[in-house]
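Visitor: The structure under discussion is supplied below as structure tokens; questions concerning it will follow.
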Amino acid sequence: MDRFLEEAVSKHKRGLDEVLYYGSWVLMIFCAVIGVSMVYSLPYAFNLYTVIATLIPLGIALYLWIIHDRFRTEYEYTFTNGSLDFAMVFNNKKRKSLGSLNIAKVDAFGKVNSGSFRRHTSGNNIKHLRWFLNRDSELYYIAFSKEGAKSVIVFEPSEEMVGYIKHYLPYGAHQEN
């Protein structure tokens, strides 16, 4: 029997993110209008001040154009027959793959509020990957080694996905305390 589950995790309290998203659009348009109007004044008053005064608002508008989708970030977890894929989705438009993990090869899996999480994250040279949005949710971790480097992923799966993960875990990898 195939086991497939796909989840998208978004922020519970999105008010500030929405204000920042729409505010970035307003500021982006304002800076673009100012910058374009300054471009038209360059032939009449070409000096260092007008060049800088033109480039600053255009640079701000360009920077906001690049990052404004990040205010609406979601994480997507896809479980397929023992393989867990992670992705970051920006404004339901852009998707960035974060990686894939074979559950049968993990060292430990459990809740973040357990003692086993502190044991697995207390060493040196451990890469921490935080792929969650809601700190108040039930967070889980997966500890694994890849090419000799230890890593820990913290994420917020549903109870159904936790059940799927537990089914494919190697013996002793599920950590309760």
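Here's how to read the names in the structure tokens: chain A, B, ... by the order shown, residue numbers from 1 in each chain, ligand numbers from 1 in the order shown.
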Where in stretch 30-174 of chain A does DSSP assign strand (DSSP E), given as a VMD selection string?

Guide: chain A and resid 73 to 80 83 to 90 94 to 102 108 to 111 126 to 131 140 to 146 149 to 155 174

Visitor: When DSSP is applied to the backbone of this structure, which of chain A are assigned helix (DSSP H, G or I)? Write them out as a ChimeraX atom specification.

Guide: /A:15-41,48-71,103-105,115-121,159-168

Visitor: Could you give me, as a tab-separated table, a per-residue list for stretch 67-157 of chain A showing, wherever an atom lies at most 9 Å from an atom of stretch 164-169 of chain A, the closest pair of atoms and their distance in Å to one decimal, using only C-alpha atoms and sorting by chain then residue number from low to high?

Guide:
residue	atom	partner	partner_atom	distance
A:Phe79	CA	A:Tyr164	CA	7.9
A:Asn81	CA	A:Tyr168	CA	8.1
A:Gly82	CA	A:Tyr168	CA	5.6
A:Ser83	CA	A:Ile165	CA	8.9
A:Leu84	CA	A:Ile165	CA	8.5
A:Ile103	CA	A:Leu169	CA	5.8
A:Ala104	CA	A:Leu169	CA	5.2
A:Lys105	CA	A:Leu169	CA	7.8
A:Val106	CA	A:Leu169	CA	7.3
A:Asp107	CA	A:Leu169	CA	9.0
A:Ala108	CA	A:Leu169	CA	8.6
A:Phe109	CA	A:Leu169	CA	8.2

Visitor: Any chance you can output those residues with C-alpha atoms as an mmCIF file, in the first residue's frame?

Guide:
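New file again_28.cif:
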data_model
loop_
_atom_site.group_PDB
_atom_site.id
_atom_site.type_symbol
_atom_site.label_atom_id
_atom_site.label_comp_id
_atom_site.auth_asym_id
_atom_site.auth_seq_id
_atom_site.Cartn_x
_atom_site.Cartn_y
_atom_site.Cartn_z
ATOM 1 C CA PHE A 79 5.759 12.168 2.443
ATOM 2 C CA ASN A 81 6.610 5.781 0.909
ATOM 3 C CA GLY A 82 9.336 6.544 3.442
ATOM 4 C CA SER A 83 10.771 9.621 1.739
ATOM 5 C CA LEU A 84 10.135 13.082 3.163
ATOM 6 C CA ILE A 103 13.202 8.128 6.851
ATOM 7 C CA ALA A 104 14.831 4.686 7.100
ATOM 8 C CA LYS A 105 18.246 6.369 7.500
ATOM 9 C CA VAL A 106 17.501 8.843 10.315
ATOM 10 C CA ASP A 107 19.223 8.640 13.698
ATOM 11 C CA ALA A 108 16.389 10.008 15.828
ATOM 12 C CA PHE A 109 12.873 11.398 15.609
#

Visitor: Env of A:Arg130: 7 Å cut, atoms = only C-alpha atoms, seq-sep filter 6 positions within chain, self excluded. Answer as a VMD selection string.

Guide: chain A and resid 153 to 155

Visitor: Do you know which residues are at most 9 Å from A:Glu74 counting only C-alpha atoms, after dropping those on the same chain fewer than 2 positions away, and could you put them as an MDAnalysis selection string?

Guide: chainID A and resid 8:11 72 76 87:92 132:133

Visitor: Need the shell around stretch 31-34 of chain A: protein/DNA/RNA residues with any atom at most 7 Å away, counting only C-alpha atoms. Skip same-chain ones fewer than 5 positions apart. Format as a ChimeraX atom specification?

Guide: /A:57-58,60-61

Visitor: Would you output that residue set with N, CA and C atoms, as an mmCIF file, in the first residue's frame?

Guide:
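This is the output file part.cif:
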data_model
loop_
_atom_site.group_PDB
_atom_site.id
_atom_site.type_symbol
_atom_site.label_atom_id
_atom_site.label_comp_id
_atom_site.auth_asym_id
_atom_site.auth_seq_id
_atom_site.Cartn_x
_atom_site.Cartn_y
_atom_site.Cartn_z
ATOM 1 N N PRO A 57 16.314 55.411 -4.690
ATOM 2 C CA PRO A 57 14.926 54.914 -4.752
ATOM 3 C C PRO A 57 14.744 53.762 -5.738
ATOM 4 N N LEU A 58 15.494 53.784 -6.851
ATOM 5 C CA LEU A 58 15.395 52.664 -7.787
ATOM 6 C C LEU A 58 15.942 51.385 -7.172
ATOM 7 N N ILE A 60 15.959 50.681 -3.909
ATOM 8 C CA ILE A 60 14.976 50.252 -2.909
ATOM 9 C C ILE A 60 13.806 49.548 -3.589
ATOM 10 N N ALA A 61 13.330 50.115 -4.695
ATOM 11 C CA ALA A 61 12.214 49.494 -5.421
ATOM 12 C C ALA A 61 12.606 48.113 -5.945
#

Visitor: Which polymer residues have any atom within 9 Å of an atom of A:Glu176, counting only C-alpha atoms, with same-chain residues fewer than 3 positions away left out, as a ChimeraX atom specification?

Guide: /A:109-111,114-116

Visitor: Could you take the residues named above and write them with C-alpha atoms, as a PDB file, in the first residue's frame?

Guide:
ATOM      1  CA  PHE A 109      12.873  11.398  15.609  1.00  0.00           C
ATOM      2  CA  GLY A 110      10.757  12.934  18.360  1.00  0.00           C
ATOM      3  CA  LYS A 111       9.175  16.007  19.881  1.00  0.00           C
ATOM      4  CA  SER A 114      11.739  16.159  24.888  1.00  0.00           C
ATOM      5  CA  GLY A 115      15.106  15.496  26.481  1.00  0.00           C
ATOM      6  CA  SER A 116      16.268  13.566  23.437  1.00  0.00           C
TER       7      SER A 116
END

Visitor: Counting only C-alpha atoms, figure out which residue out of A:Val162, A:Glu6, A:Asp136, A:Ser24 gets nearest to A:Ile66.

Guide: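 Counting only C-alpha atoms, the residue closest to A:Ile66 is A:Ser24.
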
Visitor: Please report the interatomic distance between atom CA of A:Val36 and atom CA of A:Leu48 in Å with one decimal.

Guide: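 Pair atom CA of A:Val36 / atom CA of A:Leu48 returns 16.8 Å.
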
Visitor: Give me, as a ChimeraX atom specification, all polymer residues having an atom no more than 8 Å from A:His68, counting only C-alpha atoms and skipping those fewer than 2 positions away in the same chain.

Guide: /A:21,24-25,64-66,70-71

Visitor: In Å to one decimal, how far is atom CA of A:Glu18 from atom CA of A:Glu159?

Guide: 28.3 Å

Visitor: Taking only C-alpha atoms into account, name the residue in A:Thr73, A:Leu62, A:Gln175, A:Val19 that is nearest to A:Phe117.

Guide: A:Gln175

Visitor: Enter the distance from atom CA of A:Leu16 to atom CA of A:Tyr141, in Å, rounded to one decimal.

Guide: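 These atoms are spaced 27.3 Å apart.
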